[in-house]
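Asker: Contents of structure26.csv (CSV, N, CA, C and O atoms) are below:
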chain,number,residue,atom,x,y,z
X,22,MET,N,-29.7,-239.1,62.7
X,22,MET,CA,-28.7,-240.1,63.1
X,22,MET,C,-29.4,-241.5,63.2
X,22,MET,O,-28.8,-242.5,62.8
X,23,TRP,N,-30.7,-241.5,63.6
X,23,TRP,CA,-31.4,-242.8,63.6
X,23,TRP,C,-31.4,-243.5,62.2
X,23,TRP,O,-31.2,-244.7,62.1
X,24,CYS,N,-31.6,-242.7,61.2
X,24,CYS,CA,-31.7,-243.2,59.9
X,24,CYS,C,-30.4,-243.9,59.5
X,24,CYS,O,-30.4,-245.0,58.9
X,25,TYR,N,-29.3,-243.2,59.7
X,25,TYR,CA,-28.0,-243.7,59.3
X,25,TYR,C,-27.7,-245.0,60.1
X,25,TYR,O,-27.2,-246.0,59.6
X,26,CYS,N,-27.8,-245.0,61.4
X,26,CYS,CA,-27.4,-246.1,62.2
X,26,CYS,C,-28.4,-247.3,62.1
X,26,CYS,O,-28.0,-248.4,61.9
X,27,GLY,N,-29.7,-247.0,62.1
X,27,GLY,CA,-30.7,-248.1,62.1
X,27,GLY,C,-30.9,-248.7,60.7
X,27,GLY,O,-31.0,-249.9,60.6
X,28,MET,N,-30.8,-247.9,59.7
X,28,MET,CA,-31.2,-248.4,58.4
X,28,MET,C,-30.0,-248.7,57.6
X,28,MET,O,-30.1,-249.5,56.6
X,29,THR,N,-28.8,-248.2,57.8
X,29,THR,CA,-27.6,-248.4,57.0
X,29,THR,C,-26.5,-249.1,57.8
X,29,THR,O,-26.0,-250.1,57.4
X,30,TYR,N,-26.1,-248.5,58.9
X,30,TYR,CA,-24.9,-249.0,59.6
X,30,TYR,C,-25.1,-250.4,60.1
X,30,TYR,O,-24.2,-251.3,60.0
X,31,MET,N,-26.2,-250.6,60.8
X,31,MET,CA,-26.4,-251.9,61.5
X,31,MET,C,-26.4,-253.1,60.5
X,31,MET,O,-25.7,-254.1,60.7
X,32,PRO,N,-27.2,-253.1,59.4
X,32,PRO,CA,-27.1,-254.2,58.5
X,32,PRO,C,-25.8,-254.4,57.8
X,32,PRO,O,-25.3,-255.5,57.7
X,33,MET,N,-25.1,-253.3,57.5
X,33,MET,CA,-23.8,-253.4,56.8
X,33,MET,C,-22.8,-253.9,57.8
X,33,MET,O,-21.9,-254.6,57.4
X,34,SER,N,-22.8,-253.5,59.1
X,34,SER,CA,-21.8,-253.9,60.0
X,34,SER,C,-22.1,-255.4,60.3
X,34,SER,O,-21.1,-256.2,60.5
X,35,TYR,N,-23.3,-255.9,60.3
X,35,TYR,CA,-23.6,-257.3,60.4
X,35,TYR,C,-23.0,-258.1,59.3
X,35,TYR,O,-22.3,-259.1,59.5
X,36,LEU,N,-23.2,-257.7,58.1
X,36,LEU,CA,-22.6,-258.4,56.9
X,36,LEU,C,-21.1,-258.3,56.9
X,36,LEU,O,-20.5,-259.3,56.6
X,37,TYR,N,-20.5,-257.2,57.3
X,37,TYR,CA,-19.1,-257.1,57.4
X,37,TYR,C,-18.6,-258.1,58.5
X,37,TYR,O,-17.6,-258.8,58.3
X,38,GLY,N,-19.2,-258.1,59.6
X,38,GLY,CA,-18.8,-259.0,60.7
X,38,GLY,C,-18.9,-260.5,60.3
X,38,GLY,O,-18.0,-261.3,60.8
X,39,LYS,N,-19.8,-260.8,59.5
X,39,LYS,CA,-19.9,-262.2,59.0
X,39,LYS,C,-19.0,-262.5,57.8
X,39,LYS,O,-19.0,-263.6,57.3
X,40,ARG,N,-18.4,-261.5,57.3
X,40,ARG,CA,-17.5,-261.6,56.1
X,40,ARG,C,-18.3,-262.1,55.0
X,40,ARG,O,-17.8,-263.0,54.2
X,41,PHE,N,-19.5,-261.6,54.8
X,41,PHE,CA,-20.4,-262.1,53.8
X,41,PHE,C,-19.9,-261.6,52.4
X,41,PHE,O,-19.4,-260.5,52.2
X,42,VAL,N,-19.9,-262.6,51.4
X,42,VAL,CA,-19.5,-262.3,50.1
X,42,VAL,C,-20.5,-262.8,49.2
X,42,VAL,O,-20.8,-264.0,49.2
X,43,GLY,N,-21.1,-262.0,48.4
X,43,GLY,CA,-22.2,-262.4,47.5
X,43,GLY,C,-21.5,-263.0,46.2
X,43,GLY,O,-20.3,-262.9,46.0
X,44,PRO,N,-22.4,-263.6,45.4
X,44,PRO,CA,-21.8,-264.1,44.1
X,44,PRO,C,-21.3,-263.0,43.2
X,44,PRO,O,-21.9,-261.9,43.1
X,45,ILE,N,-20.2,-263.3,42.5
X,45,ILE,CA,-19.7,-262.4,41.6
X,45,ILE,C,-20.3,-262.6,40.2
X,45,ILE,O,-19.9,-263.5,39.5
X,46,THR,N,-21.3,-261.8,39.9
X,46,THR,CA,-22.0,-261.9,38.6
X,46,THR,C,-21.5,-260.9,37.6
X,46,THR,O,-20.6,-260.1,37.9
X,47,ASP,N,-22.0,-261.0,36.4
X,47,ASP,CA,-21.6,-260.0,35.4
X,47,ASP,C,-21.9,-258.6,35.8
X,47,ASP,O,-21.2,-257.7,35.5
X,48,LEU,N,-23.1,-258.4,36.5
X,48,LEU,CA,-23.5,-257.1,36.9
X,48,LEU,C,-22.5,-256.6,37.9
X,48,LEU,O,-22.1,-255.4,37.9
X,49,VAL,N,-22.0,-257.4,38.9
X,49,VAL,CA,-21.0,-257.0,39.9
X,49,VAL,C,-19.7,-256.6,39.2
X,49,VAL,O,-19.1,-255.6,39.5
X,50,LYS,N,-19.3,-257.3,38.2
X,50,LYS,CA,-18.1,-257.0,37.5
X,50,LYS,C,-18.2,-255.7,36.7
X,50,LYS,O,-17.3,-254.9,36.7
X,51,GLN,N,-19.4,-255.4,36.1
X,51,GLN,CA,-19.6,-254.2,35.4
X,51,GLN,C,-19.6,-253.0,36.4
X,51,GLN,O,-19.0,-251.9,36.1
X,52,LEU,N,-20.2,-253.2,37.6
X,52,LEU,CA,-20.2,-252.1,38.6
X,52,LEU,C,-18.8,-251.8,39.1
X,52,LEU,O,-18.5,-250.7,39.3
X,53,ARG,N,-18.1,-252.9,39.4
X,53,ARG,CA,-16.7,-252.7,39.8
X,53,ARG,C,-15.9,-251.9,38.8
X,53,ARG,O,-15.1,-251.0,39.2
X,54,LYS,N,-16.1,-252.2,37.5
X,54,LYS,CA,-15.3,-251.5,36.5
X,54,LYS,C,-15.8,-250.0,36.4
X,54,LYS,O,-14.9,-249.2,36.2
X,55,GLU,N,-17.1,-249.8,36.6
X,55,GLU,CA,-17.6,-248.4,36.5
X,55,GLU,C,-17.2,-247.6,37.7
X,55,GLU,O,-16.9,-246.4,37.5
X,56,LEU,N,-17.2,-248.2,38.9
X,56,LEU,CA,-17.0,-247.4,40.1
X,56,LEU,C,-15.6,-247.1,40.4
X,56,LEU,O,-15.3,-246.2,41.2
X,57,HIS,N,-14.7,-248.0,40.0
X,57,HIS,CA,-13.3,-247.8,40.4
X,57,HIS,C,-12.4,-247.4,39.2
X,57,HIS,O,-12.6,-247.8,38.1
X,58,SER,N,-11.5,-246.5,39.5
X,58,SER,CA,-10.6,-245.9,38.4
X,58,SER,C,-9.5,-246.9,38.0
X,58,SER,O,-8.8,-246.6,37.0
X,59,GLN,N,-9.3,-247.9,38.7
X,59,GLN,CA,-8.3,-248.9,38.4
X,59,GLN,C,-8.9,-250.3,38.5
X,59,GLN,O,-10.0,-250.4,39.1
X,60,PRO,N,-8.3,-251.4,38.0
X,60,PRO,CA,-8.9,-252.7,38.1
X,60,PRO,C,-9.1,-253.0,39.6
X,60,PRO,O,-8.3,-252.8,40.5
X,61,TYR,N,-10.3,-253.6,39.9
X,61,TYR,CA,-10.7,-253.9,41.2
X,61,TYR,C,-9.7,-254.8,42.0
X,61,TYR,O,-9.5,-254.5,43.2
X,62,ASP,N,-9.1,-255.7,41.4
X,62,ASP,CA,-8.1,-256.6,42.0
X,62,ASP,C,-6.8,-255.9,42.4
X,62,ASP,O,-6.1,-256.4,43.2
X,63,GLU,N,-6.6,-254.7,41.9
X,63,GLU,CA,-5.4,-254.0,42.1
X,63,GLU,C,-5.6,-252.8,43.1
X,63,GLU,O,-4.6,-252.1,43.4
X,64,VAL,N,-6.8,-252.7,43.6
X,64,VAL,CA,-7.1,-251.6,44.6
X,64,VAL,C,-6.4,-251.9,45.9
X,64,VAL,O,-6.5,-252.9,46.5
X,65,ASN,N,-5.6,-250.9,46.4
X,65,ASN,CA,-5.0,-251.0,47.7
X,65,ASN,C,-6.0,-250.4,48.8
X,65,ASN,O,-6.1,-249.2,49.0
X,66,TRP,N,-6.8,-251.3,49.4
X,66,TRP,CA,-7.9,-250.9,50.2
X,66,TRP,C,-7.4,-250.2,51.5
X,66,TRP,O,-8.1,-249.3,52.0
X,67,LYS,N,-6.3,-250.5,52.0
X,67,LYS,CA,-5.8,-249.8,53.2
X,67,LYS,C,-5.5,-248.4,52.9
X,67,LYS,O,-5.7,-247.5,53.7
X,68,LYS,N,-5.0,-248.1,51.7
X,68,LYS,CA,-4.7,-246.7,51.3
X,68,LYS,C,-6.0,-245.9,51.1
X,68,LYS,O,-6.0,-244.7,51.4
X,69,TYR,N,-7.0,-246.6,50.6
X,69,TYR,CA,-8.2,-245.9,50.2
X,69,TYR,C,-9.3,-245.8,51.4
X,69,TYR,O,-10.4,-245.4,51.1
X,70,ARG,N,-8.9,-246.2,52.6
X,70,ARG,CA,-9.9,-246.1,53.7
X,70,ARG,C,-10.3,-244.7,54.0
X,70,ARG,O,-11.4,-244.5,54.4
X,71,HIS,N,-9.5,-243.7,53.7
X,71,HIS,CA,-9.8,-242.3,54.1
X,71,HIS,C,-10.1,-241.5,52.8
X,71,HIS,O,-10.3,-240.3,53.0
X,72,VAL,N,-10.1,-242.1,51.7
X,72,VAL,CA,-10.4,-241.3,50.5
X,72,VAL,C,-11.9,-241.0,50.4
X,72,VAL,O,-12.7,-241.9,50.6
X,73,CYS,N,-12.2,-239.8,50.1
X,73,CYS,CA,-13.6,-239.3,50.0
X,73,CYS,C,-13.7,-238.4,48.8
X,73,CYS,O,-12.8,-237.5,48.6
X,74,ALA,N,-14.8,-238.4,48.0
X,74,ALA,CA,-15.0,-237.5,46.9
X,74,ALA,C,-15.1,-236.1,47.5
X,74,ALA,O,-15.7,-235.9,48.5
X,75,LYS,N,-14.6,-235.1,46.7
X,75,LYS,CA,-14.6,-233.8,47.2
X,75,LYS,C,-16.0,-233.3,47.4
X,75,LYS,O,-16.3,-232.4,48.3
X,76,GLU,N,-17.0,-233.8,46.6
X,76,GLU,CA,-18.4,-233.4,46.8
X,76,GLU,C,-19.0,-233.9,48.1
X,76,GLU,O,-19.9,-233.3,48.6
X,77,ASP,N,-18.5,-235.0,48.6
X,77,ASP,CA,-19.0,-235.6,49.8
X,77,ASP,C,-18.3,-235.1,51.1
X,77,ASP,O,-18.7,-235.4,52.2
X,78,LEU,N,-17.1,-234.5,50.9
X,78,LEU,CA,-16.3,-234.1,52.1
X,78,LEU,C,-16.8,-232.6,52.5
X,78,LEU,O,-16.3,-231.7,51.9
X,79,TYR,N,-17.6,-232.6,53.5
X,79,TYR,CA,-18.1,-231.3,53.9
X,79,TYR,C,-17.1,-230.5,54.8
X,79,TYR,O,-17.1,-229.3,54.7
X,80,HIS,N,-16.4,-231.3,55.6
X,80,HIS,CA,-15.4,-230.7,56.4
X,80,HIS,C,-14.1,-231.5,56.4
X,80,HIS,O,-14.2,-232.8,56.4
X,81,GLN,N,-13.0,-230.9,56.3
X,81,GLN,CA,-11.7,-231.6,56.2
X,81,GLN,C,-11.5,-232.3,57.6
X,81,GLN,O,-11.6,-231.7,58.6
X,82,ARG,N,-11.2,-233.6,57.5
X,82,ARG,CA,-10.9,-234.3,58.8
X,82,ARG,C,-9.5,-234.0,59.3
X,82,ARG,O,-8.6,-234.0,58.5
X,83,PRO,N,-9.4,-233.8,60.6
X,83,PRO,CA,-8.1,-233.6,61.2
X,83,PRO,C,-7.3,-234.9,61.1
X,83,PRO,O,-7.8,-236.0,61.2
X,84,LEU,N,-6.0,-234.7,61.1
X,84,LEU,CA,-5.1,-235.9,61.1
X,84,LEU,C,-5.3,-236.8,62.3
X,84,LEU,O,-5.2,-238.0,62.2
X,85,ILE,N,-5.6,-236.2,63.4
X,85,ILE,CA,-5.7,-237.0,64.7
X,85,ILE,C,-6.9,-237.9,64.5
X,85,ILE,O,-6.9,-239.1,65.0
X,86,GLN,N,-8.0,-237.5,63.8
X,86,GLN,CA,-9.1,-238.4,63.6
X,86,GLN,C,-8.7,-239.6,62.7
X,86,GLN,O,-9.1,-240.7,63.0
X,87,ASP,N,-8.0,-239.4,61.6
X,87,ASP,CA,-7.5,-240.5,60.8
X,87,ASP,C,-6.6,-241.4,61.6
X,87,ASP,O,-6.7,-242.6,61.5
X,88,LEU,N,-5.7,-240.9,62.4
X,88,LEU,CA,-4.9,-241.7,63.3
X,88,LEU,C,-5.6,-242.5,64.3
X,88,LEU,O,-5.4,-243.7,64.5
X,89,MET,N,-6.7,-241.9,64.8
X,89,MET,CA,-7.5,-242.7,65.8
X,89,MET,C,-8.3,-243.8,65.1
X,89,MET,O,-8.3,-244.9,65.6
X,90,TRP,N,-8.8,-243.5,63.9
X,90,TRP,CA,-9.6,-244.5,63.2
X,90,TRP,C,-8.6,-245.7,62.8
X,90,TRP,O,-9.0,-246.8,62.9
X,91,ASP,N,-7.4,-245.3,62.3
X,91,ASP,CA,-6.5,-246.4,61.9
X,91,ASP,C,-6.0,-247.2,63.1
X,91,ASP,O,-6.0,-248.4,63.1
X,92,SER,N,-5.8,-246.6,64.2
X,92,SER,CA,-5.3,-247.3,65.4
X,92,SER,C,-6.4,-248.2,66.0
X,92,SER,O,-6.2,-249.3,66.4
X,93,LEU,N,-7.7,-247.7,66.0
X,93,LEU,CA,-8.8,-248.5,66.4
X,93,LEU,C,-9.0,-249.7,65.5
X,93,LEU,O,-9.2,-250.9,65.9
X,94,TYR,N,-8.9,-249.5,64.2
X,94,TYR,CA,-9.0,-250.6,63.2
X,94,TYR,C,-7.9,-251.6,63.4
X,94,TYR,O,-8.2,-252.8,63.4
X,95,ILE,N,-6.7,-251.2,63.5
X,95,ILE,CA,-5.6,-252.1,63.6
X,95,ILE,C,-5.6,-252.9,64.9
X,95,ILE,O,-5.3,-254.1,64.9
X,96,THR,N,-6.1,-252.3,66.0
X,96,THR,CA,-6.1,-253.0,67.3
X,96,THR,C,-7.4,-253.8,67.5
X,96,THR,O,-7.3,-254.9,68.0
X,97,THR,N,-8.5,-253.3,67.1
X,97,THR,CA,-9.8,-254.0,67.4
X,97,THR,C,-10.2,-255.0,66.4
X,97,THR,O,-10.8,-256.0,66.8
X,98,GLU,N,-9.9,-254.8,65.2
X,98,GLU,CA,-10.4,-255.7,64.1
X,98,GLU,C,-9.8,-257.2,64.3
X,98,GLU,O,-10.6,-258.1,64.3
X,99,PRO,N,-8.5,-257.3,64.5
X,99,PRO,CA,-8.1,-258.7,64.8
X,99,PRO,C,-8.6,-259.3,66.1
X,99,PRO,O,-8.8,-260.5,66.2
X,100,LEU,N,-8.8,-258.4,67.1
X,100,LEU,CA,-9.3,-258.9,68.3
X,100,LEU,C,-10.7,-259.4,68.2
X,100,LEU,O,-11.1,-260.4,68.8
X,101,LEU,N,-11.6,-258.7,67.5
X,101,LEU,CA,-13.0,-259.1,67.4
X,101,LEU,C,-13.3,-260.3,66.6
X,101,LEU,O,-14.4,-260.8,66.6
X,102,THR,N,-12.3,-260.7,65.8
X,102,THR,CA,-12.5,-261.9,65.0
X,102,THR,C,-12.0,-263.2,65.7
X,102,THR,O,-12.2,-264.3,65.1
X,103,ARG,N,-11.5,-263.1,66.9
X,103,ARG,CA,-11.0,-264.2,67.7
X,103,ARG,C,-11.9,-264.5,68.9
X,103,ARG,O,-12.6,-263.7,69.4
X,104,TRP,N,-11.8,-265.8,69.3
X,104,TRP,CA,-12.6,-266.2,70.5
X,104,TRP,C,-12.1,-265.4,71.7
X,104,TRP,O,-10.9,-265.2,71.8
X,105,PRO,N,-12.9,-265.0,72.6
X,105,PRO,CA,-14.3,-265.2,72.8
X,105,PRO,C,-15.1,-264.1,72.2
X,105,PRO,O,-16.3,-264.1,72.2
X,106,PHE,N,-14.5,-263.1,71.6
X,106,PHE,CA,-15.2,-261.9,71.0
X,106,PHE,C,-16.1,-262.3,69.8
X,106,PHE,O,-17.1,-261.7,69.7
X,107,ASN,N,-15.7,-263.2,69.0
X,107,ASN,CA,-16.5,-263.6,67.9
X,107,ASN,C,-17.8,-264.3,68.4
X,107,ASN,O,-18.8,-264.2,67.7
X,108,LYS,N,-17.8,-264.9,69.5
X,108,LYS,CA,-19.0,-265.5,70.1
X,108,LYS,C,-20.0,-264.4,70.5
X,108,LYS,O,-21.2,-264.6,70.5
X,109,LEU,N,-19.5,-263.3,71.0
X,109,LEU,CA,-20.3,-262.2,71.3
X,109,LEU,C,-21.2,-261.7,70.1
X,109,LEU,O,-22.4,-261.4,70.3
X,110,ARG,N,-20.5,-261.6,69.0
X,110,ARG,CA,-21.3,-261.2,67.8
X,110,ARG,C,-22.4,-262.2,67.5
X,110,ARG,O,-23.5,-261.8,67.1
X,111,GLU,N,-22.0,-263.5,67.6
X,111,GLU,CA,-23.0,-264.5,67.2
X,111,GLU,C,-24.2,-264.5,68.2
X,111,GLU,O,-25.4,-264.6,67.8
X,112,SER,N,-23.9,-264.3,69.5
X,112,SER,CA,-25.0,-264.3,70.5
X,112,SER,C,-25.8,-263.0,70.4
X,112,SER,O,-27.0,-263.1,70.6
X,113,THR,N,-25.2,-261.9,70.0
X,113,THR,CA,-26.0,-260.7,69.8
X,113,THR,C,-27.0,-260.8,68.7
X,113,THR,O,-28.1,-260.4,68.8
X,114,CYS,N,-26.6,-261.5,67.6
X,114,CYS,CA,-27.4,-261.7,66.5
X,114,CYS,C,-28.6,-262.6,66.8
X,114,CYS,O,-29.7,-262.3,66.5
X,115,LYS,N,-28.3,-263.7,67.6
X,115,LYS,CA,-29.4,-264.6,68.0
X,115,LYS,C,-30.4,-263.9,68.9
X,115,LYS,O,-31.6,-264.1,68.8
X,116,ASP,N,-29.9,-263.0,69.9
X,116,ASP,CA,-30.8,-262.3,70.8
X,116,ASP,C,-31.7,-261.3,70.1
X,116,ASP,O,-32.8,-261.1,70.6
X,117,ASN,N,-31.2,-260.8,69.0
X,117,ASN,CA,-32.0,-259.8,68.3
X,117,ASN,C,-32.9,-260.4,67.2
X,117,ASN,O,-33.5,-259.7,66.4
X,118,GLY,N,-32.9,-261.7,67.1
X,118,GLY,CA,-33.7,-262.4,66.1
X,118,GLY,C,-33.1,-262.4,64.7
X,118,GLY,O,-33.8,-262.6,63.7
X,119,VAL,N,-31.8,-262.1,64.6
X,119,VAL,CA,-31.2,-262.0,63.3
X,119,VAL,C,-30.6,-263.4,63.0
X,119,VAL,O,-30.0,-264.0,63.9
X,120,HIS,N,-30.9,-264.0,61.9
X,120,HIS,CA,-30.5,-265.3,61.5
X,120,HIS,C,-29.1,-265.2,61.0
X,120,HIS,O,-28.8,-264.4,60.1
X,121,PRO,N,-28.1,-266.1,61.5
X,121,PRO,CA,-26.8,-266.1,60.9
X,121,PRO,C,-26.8,-266.4,59.4
X,121,PRO,O,-27.6,-267.2,59.0
X,122,LEU,N,-25.8,-265.9,58.7
X,122,LEU,CA,-25.8,-266.2,57.3
X,122,LEU,C,-25.2,-267.6,57.0
X,122,LEU,O,-24.4,-268.1,57.7
For the structure just supplied, provide its representation as structure tokens.
Answerer:
Amino acid sequence: MWCYCGMTYMPMSYLYGKRFVGPITDLVKQLRKELHSQPYDEVNWKKYRHVCAKEDLYHQRPLIQDLMWDSLYITTEPLLTRWPFNKLRESTCKDNGVHPL
């Protein structure tokens, strides 16, 4: 669990929280074309939040889990992007020595 949280989740959640967007280079366009079965601009991201490749799905998720994830996302995401909660994210980054983007 340490490996997933410390090495993967924390940096990715920080970038997500800052709404970081890197430059769209030719390589990024090629990767988007290779990784997605439809044009990247037409992907319905809300629909694909729970899609998982059958090779990666070790256990079928119960419906209640998907409902909980969706309700938490719908209620907390707009809340955490507004004052005073967005200040909490900034202060946490400064306290941990992470430089804002």
Asker: Enter the distance from atom N of Leu36 (chain X) to atom O of Lys75 (chain X), in Å, rounded to one decimal.
Answerer: 28.0 Å
Asker: Among chain X, which ones does DSSP place in helix (DSSP H, G or I), written as a PyMOL selection string?
Answerer: chain X and resi 23-38+47-56+61-63+68-71+84-101+106-116
Asker: Could you please determine the separation between atom O of Gln59 (chain X) and atom O of Asp47 (chain X) in Å, to one decimal place?
Answerer: 13.8 Å
Asker: Tell me, in Å to one decimal, how far atom C of Tyr37 (chain X) is from atom C of Ile85 (chain X).
Answerer: 24.1 Å
Asker: Distance cut-off 10 Å, centre (-7.8, -246.3, 56.1) in file coordinates, counting only C-alpha atoms: which residues qualify? Return them as a short mmCIF file (atom, residue, chain, number, x, y, z; two decimals) with N, CA, C and O atoms, in the coordinates of the input.
Answerer:
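Output file out-v7.cif follows:
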data_model
loop_
_atom_site.label_atom_id
_atom_site.label_comp_id
_atom_site.auth_asym_id
_atom_site.auth_seq_id
_atom_site.Cartn_x
_atom_site.Cartn_y
_atom_site.Cartn_z
N TRP X 66 -6.80 -251.30 49.40
CA TRP X 66 -7.90 -250.90 50.20
C TRP X 66 -7.40 -250.20 51.50
O TRP X 66 -8.10 -249.30 52.00
N LYS X 67 -6.30 -250.50 52.00
CA LYS X 67 -5.80 -249.80 53.20
C LYS X 67 -5.50 -248.40 52.90
O LYS X 67 -5.70 -247.50 53.70
N LYS X 68 -5.00 -248.10 51.70
CA LYS X 68 -4.70 -246.70 51.30
C LYS X 68 -6.00 -245.90 51.10
O LYS X 68 -6.00 -244.70 51.40
N TYR X 69 -7.00 -246.60 50.60
CA TYR X 69 -8.20 -245.90 50.20
C TYR X 69 -9.30 -245.80 51.40
O TYR X 69 -10.40 -245.40 51.10
N ARG X 70 -8.90 -246.20 52.60
CA ARG X 70 -9.90 -246.10 53.70
C ARG X 70 -10.30 -244.70 54.00
O ARG X 70 -11.40 -244.50 54.40
N HIS X 71 -9.50 -243.70 53.70
CA HIS X 71 -9.80 -242.30 54.10
C HIS X 71 -10.10 -241.50 52.80
O HIS X 71 -10.30 -240.30 53.00
N VAL X 72 -10.10 -242.10 51.70
CA VAL X 72 -10.40 -241.30 50.50
C VAL X 72 -11.90 -241.00 50.40
O VAL X 72 -12.70 -241.90 50.60
N ASP X 87 -8.00 -239.40 61.60
CA ASP X 87 -7.50 -240.50 60.80
C ASP X 87 -6.60 -241.40 61.60
O ASP X 87 -6.70 -242.60 61.50
N LEU X 88 -5.70 -240.90 62.40
CA LEU X 88 -4.90 -241.70 63.30
C LEU X 88 -5.60 -242.50 64.30
O LEU X 88 -5.40 -243.70 64.50
N TRP X 90 -8.80 -243.50 63.90
CA TRP X 90 -9.60 -244.50 63.20
C TRP X 90 -8.60 -245.70 62.80
O TRP X 90 -9.00 -246.80 62.90
N ASP X 91 -7.40 -245.30 62.30
CA ASP X 91 -6.50 -246.40 61.90
C ASP X 91 -6.00 -247.20 63.10
O ASP X 91 -6.00 -248.40 63.10
N SER X 92 -5.80 -246.60 64.20
CA SER X 92 -5.30 -247.30 65.40
C SER X 92 -6.40 -248.20 66.00
O SER X 92 -6.20 -249.30 66.40
N TYR X 94 -8.90 -249.50 64.20
CA TYR X 94 -9.00 -250.60 63.20
C TYR X 94 -7.90 -251.60 63.40
O TYR X 94 -8.20 -252.80 63.40
N ILE X 95 -6.70 -251.20 63.50
CA ILE X 95 -5.60 -252.10 63.60
C ILE X 95 -5.60 -252.90 64.90
O ILE X 95 -5.30 -254.10 64.90
#
Asker: Quick one: axis-aligned box around all listed atoms of region 33-46 of chain X, 3 Å on every side, centre and edge lengths in Å to one decimal, written as lines of an AutoDock Vina configuration file.
Answerer:
center_x = -21.3
center_y = -258.7
center_z = 49.2
size_x = 13.6
size_y = 16.8
size_z = 29.2
